[in-house]
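Visitor: Handing over run_14.cif, mmCIF, C-alpha atoms.
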data_run
loop_
_atom_site.label_atom_id
_atom_site.label_comp_id
_atom_site.auth_asym_id
_atom_site.auth_seq_id
_atom_site.Cartn_x
_atom_site.Cartn_y
_atom_site.Cartn_z
CA MET A 1 -4.39 2.74 -15.35
CA THR A 2 -2.21 3.13 -18.46
CA ASN A 3 -4.87 5.22 -20.23
CA LEU A 4 -5.36 7.32 -17.10
CA GLU A 5 -1.65 8.03 -16.85
CA GLN A 6 -1.57 9.13 -20.49
CA THR A 7 -4.41 11.63 -20.09
CA ARG A 8 -3.86 13.23 -16.68
CA PRO A 9 -1.93 12.79 -13.41
CA GLN A 10 -3.08 10.15 -10.96
CA ARG A 11 -4.89 11.95 -8.14
CA VAL A 12 -3.76 10.70 -4.74
CA CYS A 13 -5.36 11.02 -1.32
CA ILE A 14 -2.92 10.38 1.55
CA LEU A 15 -4.56 9.38 4.83
CA GLY A 16 -1.96 9.98 7.55
CA ALA A 17 0.21 12.31 5.49
CA THR A 18 2.53 13.45 8.29
CA GLY A 19 3.63 9.97 9.42
CA SER A 20 6.64 8.09 8.07
CA VAL A 21 4.69 6.34 5.29
CA GLY A 22 2.87 9.52 4.34
CA THR A 23 6.05 11.58 4.05
CA SER A 24 7.75 8.78 2.10
CA THR A 25 4.80 8.73 -0.28
CA LEU A 26 5.21 12.45 -0.91
CA ASP A 27 8.93 11.89 -1.49
CA VAL A 28 8.18 9.33 -4.21
CA ILE A 29 5.54 11.57 -5.78
CA ALA A 30 8.03 14.46 -5.86
CA ARG A 31 10.32 12.37 -8.06
CA HIS A 32 7.65 12.05 -10.75
CA PRO A 33 6.28 15.51 -11.59
CA GLY A 34 3.31 15.32 -13.90
CA ARG A 35 2.57 11.68 -13.08
CA PHE A 36 0.81 12.23 -9.74
CA GLU A 37 -1.31 14.99 -8.21
CA VAL A 38 -1.69 15.38 -4.45
CA PHE A 39 -5.46 15.74 -4.16
CA ALA A 40 -5.97 15.45 -0.38
CA LEU A 41 -3.86 15.21 2.78
CA THR A 42 -5.02 14.28 6.28
CA ALA A 43 -3.38 14.33 9.70
CA HIS A 44 -4.39 13.80 13.30
CA SER A 45 -2.20 16.00 15.48
CA ARG A 46 0.89 17.17 13.54
CA ILE A 47 -0.71 20.36 12.33
CA ASP A 48 2.54 22.25 11.69
CA GLU A 49 3.75 19.44 9.43
CA LEU A 50 0.41 19.31 7.62
CA PHE A 51 0.54 23.08 7.12
CA ALA A 52 3.99 22.82 5.52
CA GLN A 53 2.79 19.98 3.26
CA CYS A 54 -0.22 22.00 2.15
CA VAL A 55 1.94 25.01 1.36
CA GLN A 56 4.24 22.84 -0.74
CA TRP A 57 1.69 20.63 -2.50
CA ARG A 58 -1.43 22.84 -2.63
CA PRO A 59 -3.89 19.92 -2.35
CA ARG A 60 -7.57 20.47 -3.08
CA PHE A 61 -8.45 19.27 0.42
CA ALA A 62 -6.92 18.75 3.85
CA ALA A 63 -8.64 17.09 6.81
CA VAL A 64 -8.08 17.28 10.56
CA PRO A 65 -10.46 15.49 12.99
CA ASP A 66 -10.54 18.31 15.57
CA ALA A 67 -12.34 21.56 14.78
CA VAL A 68 -9.99 23.80 16.81
CA PRO A 69 -6.69 22.92 15.05
CA ALA A 70 -8.59 22.69 11.77
CA ARG A 71 -9.70 26.31 12.18
CA ALA A 72 -6.13 27.38 12.96
CA LEU A 73 -4.84 25.50 9.91
CA ARG A 74 -7.50 27.11 7.72
CA GLU A 75 -6.48 30.59 8.88
CA ARG A 76 -2.76 29.92 8.42
CA LEU A 77 -3.28 28.61 4.91
CA ARG A 78 -5.49 31.56 4.00
CA ALA A 79 -2.76 33.92 5.21
CA GLN A 80 -0.30 32.17 2.91
CA GLY A 81 -2.66 32.42 -0.05
CA VAL A 82 -3.19 28.65 -0.17
CA ALA A 83 -6.68 27.72 -1.39
CA THR A 84 -6.76 24.23 0.19
CA GLU A 85 -10.18 23.52 1.69
CA VAL A 86 -9.83 22.25 5.28
CA LEU A 87 -12.41 19.71 6.46
CA ASP A 88 -13.07 18.88 10.10
CA THR A 89 -16.19 16.69 10.18
CA PRO A 90 -16.11 13.13 11.55
CA GLN A 91 -16.88 11.80 8.08
CA ALA A 92 -14.22 13.85 6.28
CA LEU A 93 -11.69 11.01 5.96
CA CYS A 94 -14.29 8.66 4.50
CA GLU A 95 -15.55 11.35 2.12
CA LEU A 96 -12.05 12.07 0.82
CA ALA A 97 -11.16 8.38 0.50
CA ALA A 98 -14.28 7.83 -1.62
CA HIS A 99 -14.16 11.15 -3.49
CA PRO A 100 -15.10 10.61 -7.15
CA GLU A 101 -12.02 12.52 -8.35
CA VAL A 102 -9.56 10.42 -6.32
CA ASP A 103 -7.76 7.63 -8.17
CA ALA A 104 -5.50 6.23 -5.45
CA VAL A 105 -5.71 6.25 -1.65
CA MET A 106 -2.63 5.77 0.50
CA ALA A 107 -4.03 4.36 3.76
CA ALA A 108 -1.28 5.22 6.24
CA ILE A 109 -3.29 5.91 9.39
CA VAL A 110 -2.01 3.86 12.32
CA GLY A 111 -4.48 1.73 14.25
CA ALA A 112 -8.16 0.83 14.10
CA ALA A 113 -9.00 4.46 13.30
CA GLY A 114 -8.08 3.68 9.70
CA LEU A 115 -10.78 1.03 9.21
CA ALA A 116 -13.69 3.30 8.25
CA PRO A 117 -11.87 5.33 5.54
CA CYS A 118 -10.29 2.14 4.17
CA LEU A 119 -13.75 0.60 3.86
CA ALA A 120 -14.99 3.76 2.16
CA ALA A 121 -12.17 3.62 -0.39
CA ALA A 122 -12.77 -0.09 -1.01
CA LYS A 123 -16.51 0.38 -1.54
CA ALA A 124 -15.78 3.23 -3.95
CA GLY A 125 -13.53 0.99 -6.05
CA LYS A 126 -10.30 2.94 -5.51
CA ARG A 127 -6.72 1.84 -6.01
CA LEU A 128 -6.11 1.27 -2.30
CA LEU A 129 -2.51 1.28 -1.11
CA LEU A 130 -2.83 -0.42 2.27
CA ALA A 131 -0.25 0.52 4.88
CA ASN A 132 -2.86 0.31 7.64
CA LYS A 133 -2.68 -3.38 8.59
CA GLU A 134 -5.31 -2.88 11.28
CA ALA A 135 -7.98 -2.52 8.58
CA LEU A 136 -7.55 -6.24 7.95
CA VAL A 137 -6.72 -7.24 11.53
CA VAL A 138 -9.98 -5.64 12.68
CA GLY A 139 -12.06 -5.78 9.51
CA GLY A 140 -10.96 -9.12 8.05
CA ALA A 141 -13.73 -10.72 6.00
CA LEU A 142 -15.87 -7.56 6.02
CA PHE A 143 -13.04 -5.52 4.52
CA MET A 144 -12.16 -8.09 1.84
CA GLN A 145 -15.83 -8.36 0.86
CA ALA A 146 -15.94 -4.58 0.43
CA VAL A 147 -12.87 -4.79 -1.84
CA ARG A 148 -14.58 -7.42 -3.99
CA ASP A 149 -17.96 -5.70 -4.07
CA GLY A 150 -16.47 -2.31 -4.89
CA GLY A 151 -14.04 -3.61 -7.49
CA ALA A 152 -11.15 -1.93 -5.69
CA THR A 153 -7.51 -2.69 -6.48
CA LEU A 154 -5.88 -3.65 -3.17
CA LEU A 155 -2.11 -3.21 -3.07
CA PRO A 156 -0.22 -4.02 0.16
CA ILE A 157 2.37 -1.47 1.26
CA ASP A 158 3.88 -3.19 4.32
CA SER A 159 7.28 -4.30 3.02
CA GLU A 160 6.63 -7.96 3.87
CA HIS A 161 3.23 -8.15 2.20
CA SER A 162 4.40 -6.16 -0.80
CA ALA A 163 7.25 -8.66 -1.15
CA ILE A 164 4.82 -11.59 -1.14
CA PHE A 165 2.54 -9.82 -3.61
CA GLN A 166 5.46 -9.15 -5.97
CA CYS A 167 6.39 -12.85 -5.93
CA LEU A 168 2.91 -14.09 -6.83
CA PRO A 169 1.13 -14.32 -10.20
CA VAL A 170 -0.92 -11.28 -11.10
CA ASP A 171 -4.02 -13.50 -11.39
CA ARG A 172 -5.31 -14.04 -7.83
CA GLY A 173 -7.08 -17.18 -8.99
CA GLU A 174 -3.68 -18.84 -9.42
CA TRP A 175 -2.54 -18.19 -5.84
CA PRO A 176 -4.01 -21.31 -4.16
CA ARG A 177 -2.37 -23.57 -6.76
CA PHE A 178 0.90 -21.65 -6.51
CA ILE A 179 1.54 -21.31 -2.76
CA ASP A 180 2.56 -24.00 -0.30
CA HIS A 181 3.30 -21.45 2.44
CA ILE A 182 4.84 -18.04 2.94
CA LEU A 183 7.70 -16.84 5.15
CA LEU A 184 7.41 -13.38 6.65
CA THR A 185 10.80 -12.06 7.67
CA ALA A 186 11.36 -10.08 10.87
CA SER A 187 14.43 -8.17 11.97
CA GLY A 188 13.91 -9.19 15.59
CA GLY A 189 13.82 -5.55 16.66
CA PRO A 190 16.21 -3.82 19.05
CA PHE A 191 16.13 -6.60 21.69
CA ARG A 192 16.89 -9.60 19.49
CA SER A 193 19.99 -10.50 21.50
CA ARG A 194 19.09 -8.92 24.85
CA ASP A 195 18.59 -11.10 27.92
CA PRO A 196 14.78 -11.52 28.27
CA ALA A 197 15.18 -11.21 32.05
CA THR A 198 16.17 -7.55 31.59
CA LEU A 199 13.20 -6.51 29.44
CA ASP A 200 11.31 -5.20 32.46
CA SER A 201 13.65 -2.18 32.48
CA VAL A 202 13.23 -1.24 28.80
CA THR A 203 12.44 2.45 28.23
CA PRO A 204 10.20 3.81 25.46
CA GLU A 205 13.26 5.41 23.86
CA GLU A 206 15.04 2.06 23.72
CA ALA A 207 11.97 0.31 22.31
CA CYS A 208 11.60 2.92 19.56
CA ALA A 209 15.24 2.65 18.43
CA HIS A 210 14.72 0.18 15.58
CA PRO A 211 18.03 -1.04 14.12
CA ASN A 212 16.94 -1.00 10.45
CA TRP A 213 13.70 0.86 9.79
CA VAL A 214 12.57 4.44 10.39
CA MET A 215 9.00 4.13 11.67
CA GLY A 216 6.45 5.81 13.92
CA ARG A 217 6.75 5.26 17.67
CA LYS A 218 3.76 2.96 18.04
CA ILE A 219 4.90 0.67 15.23
CA SER A 220 8.45 0.75 16.60
CA VAL A 221 7.26 -0.53 19.98
CA ASP A 222 5.24 -3.21 18.19
CA SER A 223 8.38 -4.25 16.35
CA ALA A 224 10.25 -4.53 19.64
CA THR A 225 7.59 -6.88 21.07
CA MET A 226 7.07 -8.57 17.66
CA MET A 227 3.40 -7.71 17.93
CA ASN A 228 3.87 -5.91 14.63
CA LYS A 229 4.74 -9.28 13.09
CA ALA A 230 1.75 -10.90 14.78
CA LEU A 231 -0.50 -8.30 13.15
CA GLU A 232 1.23 -8.96 9.83
CA VAL A 233 0.49 -12.68 10.12
CA ILE A 234 -3.19 -11.83 10.55
CA GLU A 235 -3.04 -9.37 7.67
CA ALA A 236 -1.42 -11.98 5.42
CA ARG A 237 -4.17 -14.49 6.18
CA TRP A 238 -6.75 -12.13 4.63
CA LEU A 239 -4.64 -10.56 1.89
CA PHE A 240 -3.59 -13.87 0.39
CA ASP A 241 -6.53 -16.06 1.52
CA LEU A 242 -4.23 -18.44 3.41
CA LYS A 243 -4.80 -20.88 6.22
CA PRO A 244 -3.04 -19.76 9.41
CA GLU A 245 -0.67 -22.73 9.24
CA GLN A 246 0.50 -21.55 5.80
CA ILE A 247 2.03 -18.43 7.34
CA ARG A 248 5.41 -18.68 9.07
CA VAL A 249 7.89 -16.18 10.51
CA VAL A 250 11.69 -16.21 10.42
CA ILE A 251 14.15 -13.81 12.02
CA HIS A 252 16.32 -12.07 9.42
CA PRO A 253 18.36 -9.33 11.14
CA GLN A 254 19.64 -7.69 7.95
CA SER A 255 16.15 -6.80 6.59
CA ILE A 256 17.32 -7.42 3.03
CA VAL A 257 15.00 -10.32 2.15
CA HIS A 258 11.59 -8.79 2.75
CA SER A 259 9.64 -12.06 2.61
CA MET A 260 9.42 -15.30 0.66
CA VAL A 261 6.91 -17.57 -1.05
CA VAL A 262 7.50 -21.31 -0.87
CA CYS A 263 5.83 -22.77 -3.96
CA ARG A 264 4.10 -26.12 -4.36
CA ASP A 265 7.25 -27.56 -5.92
CA ASN A 266 9.33 -26.30 -2.95
CA SER A 267 11.07 -23.63 -4.98
CA VAL A 268 11.35 -20.35 -3.08
CA LEU A 269 10.71 -16.89 -4.48
CA ALA A 270 11.95 -13.86 -2.56
CA GLN A 271 11.94 -10.09 -2.96
CA LEU A 272 15.12 -8.31 -1.85
CA GLY A 273 15.96 -4.66 -1.37
CA THR A 274 17.28 -2.06 1.00
CA PRO A 275 15.07 -1.43 4.07
CA ASP A 276 13.31 1.61 2.61
CA MET A 277 9.53 2.00 2.51
CA ARG A 278 9.74 4.02 -0.68
CA VAL A 279 10.21 0.77 -2.64
CA PRO A 280 6.78 -0.77 -1.85
CA ILE A 281 5.19 2.70 -2.02
CA ALA A 282 6.55 3.30 -5.52
CA TYR A 283 5.42 -0.17 -6.59
CA GLY A 284 1.91 0.48 -5.25
CA LEU A 285 1.64 3.86 -6.94
CA SER A 286 2.81 2.58 -10.33
CA PHE A 287 1.53 -1.04 -10.38
CA PRO A 288 1.84 -2.98 -12.65
CA GLN A 289 4.70 -0.77 -13.84
CA ARG A 290 7.79 0.19 -11.84
CA ILE A 291 9.12 3.67 -11.24
CA GLU A 292 12.18 5.16 -9.53
CA SER A 293 11.68 5.18 -5.76
CA GLY A 294 14.69 7.05 -4.41
CA ALA A 295 15.86 4.02 -2.43
CA GLY A 296 19.49 2.99 -2.61
CA ALA A 297 20.52 -0.08 -4.60
CA LEU A 298 21.81 -3.23 -2.93
CA ASP A 299 25.56 -3.72 -3.16
CA PHE A 300 25.97 -7.48 -3.15
CA SER A 301 29.76 -7.23 -3.15
CA ALA A 302 29.61 -5.43 0.20
CA MET A 303 27.26 -7.86 1.95
CA THR A 304 28.89 -9.93 4.66
CA GLY A 305 26.03 -12.43 4.74
CA LEU A 306 22.33 -13.01 5.21
CA SER A 307 21.20 -14.99 8.23
CA PHE A 308 17.90 -16.59 9.22
CA SER A 309 16.68 -18.22 12.42
CA ALA A 310 13.46 -19.35 14.05
CA ALA A 311 11.43 -16.82 16.03
CA ASP A 312 11.87 -17.43 19.76
CA LEU A 313 8.38 -17.39 21.28
CA ALA A 314 9.86 -17.21 24.79
CA ARG A 315 11.43 -13.88 23.82
CA TYR A 316 8.44 -12.77 21.73
CA PRO A 317 5.34 -14.32 23.36
CA GLY A 318 3.05 -11.88 21.59
CA LEU A 319 3.85 -13.42 18.22
CA ALA A 320 2.00 -16.63 19.11
CA LEU A 321 -1.19 -14.63 19.65
CA ALA A 322 -1.53 -14.23 15.88
CA TRP A 323 -2.29 -17.90 15.28
CA ALA A 324 -4.21 -18.20 18.55
CA THR A 325 -6.63 -15.42 17.62
CA LEU A 326 -7.01 -16.62 14.03
CA ASP A 327 -8.09 -20.00 15.44
CA ALA A 328 -10.43 -18.41 18.02
CA ALA A 329 -13.90 -16.88 17.62
CA PRO A 330 -14.29 -14.34 14.80
CA GLY A 331 -13.50 -10.90 16.18
CA SER A 332 -10.69 -12.11 18.41
CA THR A 333 -8.09 -10.42 16.21
CA ALA A 334 -9.95 -7.12 16.69
CA VAL A 335 -9.82 -7.61 20.47
CA LEU A 336 -6.08 -8.28 20.29
CA ASN A 337 -5.47 -5.15 18.24
CA ALA A 338 -7.50 -2.94 20.60
CA ALA A 339 -5.78 -4.31 23.70
CA ASN A 340 -2.37 -3.84 22.14
CA GLU A 341 -3.04 -0.23 21.17
CA VAL A 342 -4.04 0.51 24.77
CA ALA A 343 -1.05 -1.37 26.19
CA VAL A 344 1.49 0.32 23.92
CA ALA A 345 0.06 3.75 24.74
CA ALA A 346 0.31 2.93 28.46
CA PHE A 347 3.92 1.80 28.09
CA ARG A 348 4.87 4.90 26.13
CA ALA A 349 3.24 7.02 28.87
CA GLY A 350 5.26 5.23 31.56
CA THR A 351 2.18 3.63 33.15
CA ILE A 352 3.22 0.00 32.63
CA ARG A 353 6.49 -1.79 31.93
CA PHE A 354 7.53 -3.09 28.52
CA ASP A 355 7.15 -6.70 29.63
CA GLN A 356 3.58 -6.01 30.81
CA ILE A 357 2.29 -5.24 27.32
CA HIS A 358 1.81 -8.95 26.69
CA ALA A 359 -0.06 -9.36 29.98
CA VAL A 360 -2.57 -6.68 28.99
CA ASN A 361 -3.12 -8.38 25.63
CA THR A 362 -3.62 -11.90 26.99
CA ARG A 363 -5.82 -10.77 29.87
CA THR A 364 -8.07 -8.76 27.54
CA LEU A 365 -8.38 -11.70 25.16
CA ALA A 366 -9.41 -13.91 28.07
CA ARG A 367 -12.08 -11.50 29.30
CA VAL A 368 -13.56 -10.12 26.07
CA VAL A 369 -15.23 -12.93 24.11
CA PRO A 370 -16.65 -11.73 20.77
CA ALA A 371 -20.35 -12.35 20.31
CA ALA A 372 -21.86 -13.95 17.22
CA GLY A 373 -22.35 -11.41 14.45
CA CYS A 374 -19.72 -9.01 15.77
CA CYS A 375 -17.93 -9.00 12.41
CA ASP A 376 -21.02 -8.44 10.25
CA SER A 377 -20.84 -4.65 10.16
CA ILE A 378 -18.41 -1.85 10.89
CA GLU A 379 -20.69 -0.65 13.69
CA ALA A 380 -20.50 -4.05 15.41
CA LEU A 381 -16.73 -4.19 14.96
CA LEU A 382 -16.27 -0.72 16.41
CA ASP A 383 -18.47 -1.66 19.38
CA LEU A 384 -16.25 -4.69 19.98
CA ASP A 385 -13.15 -2.51 19.63
CA ALA A 386 -14.53 -0.06 22.22
CA HIS A 387 -15.42 -2.90 24.62
CA ALA A 388 -11.92 -4.34 24.39
CA ARG A 389 -10.33 -0.94 24.94
CA ARG A 390 -12.40 -0.30 28.07
CA ASP A 391 -11.39 -3.67 29.50
CA ALA A 392 -7.73 -3.17 28.63
CA ARG A 393 -7.67 0.30 30.21
CA GLN A 394 -9.21 -1.07 33.38
CA PHE A 395 -6.51 -3.72 33.61
CA VAL A 396 -3.82 -1.10 33.00
CA LYS A 397 -5.21 0.89 35.95
CA GLU A 398 -5.12 -2.20 38.15
CA MET A 399 -1.51 -2.94 37.16
CA ALA A 400 -0.46 0.63 37.86
CA ARG A 401 -1.70 0.59 41.48
#
Is it possible to express this structure as structure tokens?
Guide:
Amino acid sequence: MTNLEQTRPQRVCILGATGSVGTSTLDVIARHPGRFEVFALTAHSRIDELFAQCVQWRPRFAAVPDAVPARALRERLRAQGVATEVLDTPQALCELAAHPEVDAVMAAIVGAAGLAPCLAAAKAGKRLLLANKEALVVGGALFMQAVRDGGATLLPIDSEHSAIFQCLPVDRGEWPRFIDHILLTASGGPFRSRDPATLDSVTPEEACAHPNWVMGRKISVDSATMMNKALEVIEARWLFDLKPEQIRVVIHPQSIVHSMVVCRDNSVLAQLGTPDMRVPIAYGLSFPQRIESGAGALDFSAMTGLSFSAADLARYPGLALAWATLDAAPGSTAVLNAANEVAVAAFRAGTIRFDQIHAVNTRTLARVVPAAGCCDSIEALLDLDAHARRDARQFVKEMAR
């Protein structure tokens, strides 16, 4: 990468450019003119935001999955004299992620929809900045095999996984001899001290009001239920090739310690910083170097203290599903992710209560048993995902009667 940086800018494709991670990525890139080039931007529904980004950054390509808004975007850009080519085919995201002129792919699409383009980037040997945890929750072994076969450089962008990665030796071969276990920190979300008996009255607005992080609404709800942390446990199992029992979670309300590695000798390595996604994004873009991120510096003289406590599974029952699905039949983590996406969407739409999200997840896991071979191909995984979604939606309808 050093030689590349000396000869030309690093060309970046941002999948999910209008979300919080995508906009933070553009903020970091803006701080380093000449070092990065925005090659492609994609979005799902925020067409006005994508239009503004294209006008500012003039990427070679933009992609929208729906032909109607894509046509409108194409016409608006043409009227502004912007030569960005707008793609609208189902394969556009995969084509851009694997484009031969792309050096780095920021995978910031939320949900299982990000699996296919992440696989495409991995198979093409890209520097893959993974903010889409569902690629590993759903894809697991298949995704990691694609990374190895393609010779891709996989760099975690979730703050917790980036923290673990930064604490480990660069040589992956040293990790098993280095790690005893890891500790993923969790803020506890907005209901950390709320009486669990009152969670049935939680509104979507309350669930999305995270005390520390600025995130999308789906991820914010997941943080409130701690399902986000459950997905991160599953992600960590594949990223760091750990046994499920080597992954633990602690509540850390201040979100200053982003995660920790407990070494074989019981020494503990931690990565600290302000709760700002631009830090792991900047590290991923510049690895193994470090560049200015725009995040504020920690003021240790102003800190009143850092606290840690065990995660209460009575308050956060969804967290336990991480280890349960990792110990169950292969594909169970994909079922959990699909059910949770359906349940969170139903809660945000006002169809079910906040405390019923867990019921949808557990009921779907009980009814949808993955068949042998379901993790052998992306087609089989997507079939399993669709099956789980149908079952979860049916249960949501029954609950809403």
Visitor: Could you tell me, as a PyMOL selection string, exactly which residues end up selected when the PyMOL selection byres ((chain A and resi 68-78) around 10) is applied to this structure?
Guide: chain A and resi 44-48+50-52+54-55+58+62-67+79-89
Visitor: Using all atoms listed in the file for the distances, tell me which of A:Ser159, A:Thr7, A:Ser220, A:Gln56 is nearest to Pro275 (chain A).
Guide: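 Once distances to Pro275 (chain A) are computed over all atoms listed in the file, the minimum belongs to A:Ser159.
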Visitor: Restricting the calculation to all atoms listed in the file, which member of A:Ala345, A:Leu184, A:Ala329, A:Val105 is positioned closest to Cys374 (chain A)?
Guide: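 Looking only at the distances to Cys374 (chain A), the closest residue turns out to be A:Ala329.
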Visitor: With a distance cut-off of 7 Å and only C-alpha atoms, select the neighbouring residues of Ala186 (chain A), excluding the residue or stretch itself and same-chain residues fewer than 6 positions from it, and output the selection as JSON, numbers by chain.
Guide: {"A": [250, 251, 252]}
Visitor: Would you translate the PyMOL selection byres ((chain A and resi 331) around 12) into the concrete set of residues it matches in this file, as a compact mmCIF listing (two decimals) with C-alpha atoms, in the frame of the given file?
Guide:
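To be explicit, this is the file written out as out21.txt:
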# COMPACT_ATOMS: atom_id res chain seq x y z
CA LEU A 136 -7.55 -6.24 7.95
CA VAL A 137 -6.72 -7.24 11.53
CA VAL A 138 -9.98 -5.64 12.68
CA GLY A 139 -12.06 -5.78 9.51
CA GLY A 140 -10.96 -9.12 8.05
CA ALA A 141 -13.73 -10.72 6.00
CA LEU A 142 -15.87 -7.56 6.02
CA ILE A 234 -3.19 -11.83 10.55
CA THR A 325 -6.63 -15.42 17.62
CA LEU A 326 -7.01 -16.62 14.03
CA ASP A 327 -8.09 -20.00 15.44
CA ALA A 328 -10.43 -18.41 18.02
CA ALA A 329 -13.90 -16.88 17.62
CA PRO A 330 -14.29 -14.34 14.80
CA SER A 332 -10.69 -12.11 18.41
CA THR A 333 -8.09 -10.42 16.21
CA ALA A 334 -9.95 -7.12 16.69
CA VAL A 335 -9.82 -7.61 20.47
CA LEU A 336 -6.08 -8.28 20.29
CA ASN A 337 -5.47 -5.15 18.24
CA ALA A 338 -7.50 -2.94 20.60
CA LEU A 365 -8.38 -11.70 25.16
CA VAL A 368 -13.56 -10.12 26.07
CA VAL A 369 -15.23 -12.93 24.11
CA PRO A 370 -16.65 -11.73 20.77
CA ALA A 371 -20.35 -12.35 20.31
CA ALA A 372 -21.86 -13.95 17.22
CA GLY A 373 -22.35 -11.41 14.45
CA CYS A 374 -19.72 -9.01 15.77
CA CYS A 375 -17.93 -9.00 12.41
CA ASP A 376 -21.02 -8.44 10.25
CA SER A 377 -20.84 -4.65 10.16
CA ILE A 378 -18.41 -1.85 10.89
CA ALA A 380 -20.50 -4.05 15.41
CA LEU A 381 -16.73 -4.19 14.96
CA LEU A 382 -16.27 -0.72 16.41
CA ASP A 383 -18.47 -1.66 19.38
CA LEU A 384 -16.25 -4.69 19.98
CA ASP A 385 -13.15 -2.51 19.63
CA HIS A 387 -15.42 -2.90 24.62
CA ALA A 388 -11.92 -4.34 24.39
Visitor: What do you get, as a PDB file with C-alpha atoms, in the frame of the given file, if you spell out every residue that the PyMOL selection byres ((chain A and resi 253) around 9) selects here?
Guide:
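Generated output (out.pdb):
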ATOM      1  CA  THR A 185      10.800 -12.060   7.670  1.00  0.00           C
ATOM      2  CA  ALA A 186      11.360 -10.080  10.870  1.00  0.00           C
ATOM      3  CA  SER A 187      14.430  -8.170  11.970  1.00  0.00           C
ATOM      4  CA  GLY A 188      13.910  -9.190  15.590  1.00  0.00           C
ATOM      5  CA  GLY A 189      13.820  -5.550  16.660  1.00  0.00           C
ATOM      6  CA  ARG A 192      16.890  -9.600  19.490  1.00  0.00           C
ATOM      7  CA  PRO A 211      18.030  -1.040  14.120  1.00  0.00           C
ATOM      8  CA  ASN A 212      16.940  -1.000  10.450  1.00  0.00           C
ATOM      9  CA  ILE A 251      14.150 -13.810  12.020  1.00  0.00           C
ATOM     10  CA  HIS A 252      16.320 -12.070   9.420  1.00  0.00           C
ATOM     11  CA  GLN A 254      19.640  -7.690   7.950  1.00  0.00           C
ATOM     12  CA  SER A 255      16.150  -6.800   6.590  1.00  0.00           C
ATOM     13  CA  ILE A 256      17.320  -7.420   3.030  1.00  0.00           C
ATOM     14  CA  LEU A 306      22.330 -13.010   5.210  1.00  0.00           C
ATOM     15  CA  SER A 307      21.200 -14.990   8.230  1.00  0.00           C
ATOM     16  CA  PHE A 308      17.900 -16.590   9.220  1.00  0.00           C
TER      17      PHE A 308
END
Visitor: If we count all atoms listed in the file and set the cut-off at 8 Å, which residues sit around Leu183 (chain A), ignoring sequence neighbours fewer than 5 positions away in its own chain? Please answer as a PyMOL selection string.
Guide: chain A and resi 247-250+259-262
Visitor: Which residues come within 7 Å of Val12 (chain A), counting only C-alpha atoms, excluding same-chain residues fewer than 6 positions away, as a ChimeraX atom specification?
Guide: /A:36-40,102-105
Visitor: May I have the residues at most 12 Å from (-5.4, -22.3, 6.3) in the file's coordinates, counting only C-alpha atoms, as a PyMOL selection string?
Guide: chain A and resi 176+179-182+233-234+236-238+240-248+323+326-327
Visitor: Pick the closest to Gly273 (chain A) from A:Val257, A:Ala324, A:Leu154, A:Ile352: which is it, counting all atoms listed in the file?
Guide: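 Smallest separation from Gly273 (chain A) among the options: A:Val257.
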Visitor: Go ahead and fit an axis-aligned box to every listed atom of region 114-118 of chain A plus 5 Å each side, and pass me the centre and edge lengths in Å, one decimal, as lines of an AutoDock Vina configuration file.
Guide:
center_x = -10.9
center_y = 3.2
center_z = 6.9
size_x = 15.6
size_y = 14.3
size_z = 15.5
Visitor: Excluding Phe191 (chain A) and its own-chain neighbours fewer than 6 positions away, which residues fall within 9 Å of it when counting all atoms listed in the file? Please give them as a list in words.
Guide: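 Contacts, in chain order: Leu199, Glu206, Ala207, Ala224, Thr225 and Arg315 of chain A.
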Visitor: Can you work out the spacing between CA of Arg177 (chain A) and CA of Leu269 (chain A) in Å, to one decimal?
Guide: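 One can read the CA of Arg177 (chain A) to CA of Leu269 (chain A) distance as 14.9 Å.
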Visitor: Would you mind telling me which residue in A:Ala230, A:Val342, A:Leu41, A:Val279 lies nearest to Pro59 (chain A) when using all atoms listed in the file?
Guide: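 Closest candidate: A:Leu41.
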Visitor: Could you please fill out region 154-160 of chain A with N, CA and C atoms and send it back as an mmCIF file, keeping the file's coordinate frame?
Guide:
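That gives us selection-v8.cif:
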data_model
loop_
_atom_site.group_PDB
_atom_site.id
_atom_site.type_symbol
_atom_site.label_atom_id
_atom_site.label_comp_id
_atom_site.auth_asym_id
_atom_site.auth_seq_id
_atom_site.Cartn_x
_atom_site.Cartn_y
_atom_site.Cartn_z
ATOM 1 N N LEU A 154 -6.533 -3.665 -4.480
ATOM 2 C CA LEU A 154 -5.880 -3.650 -3.170
ATOM 3 C C LEU A 154 -4.409 -3.984 -3.327
ATOM 4 N N LEU A 155 -3.562 -3.050 -2.923
ATOM 5 C CA LEU A 155 -2.110 -3.210 -3.070
ATOM 6 C C LEU A 155 -1.455 -3.047 -1.698
ATOM 7 N N PRO A 156 -0.839 -4.108 -1.164
ATOM 8 C CA PRO A 156 -0.220 -4.020 0.160
ATOM 9 C C PRO A 156 1.047 -3.177 0.136
ATOM 10 N N ILE A 157 1.219 -2.363 1.175
ATOM 11 C CA ILE A 157 2.370 -1.470 1.260
ATOM 12 C C ILE A 157 3.351 -1.904 2.355
ATOM 13 N N ASP A 158 2.908 -2.617 3.387
ATOM 14 C CA ASP A 158 3.880 -3.190 4.320
ATOM 15 C C ASP A 158 4.946 -3.917 3.502
ATOM 16 N N SER A 159 6.217 -3.744 3.854
ATOM 17 C CA SER A 159 7.280 -4.300 3.020
ATOM 18 C C SER A 159 7.154 -5.806 2.854
ATOM 19 N N GLU A 160 6.731 -6.499 3.929
ATOM 20 C CA GLU A 160 6.630 -7.960 3.870
ATOM 21 C C GLU A 160 5.511 -8.391 2.925
#
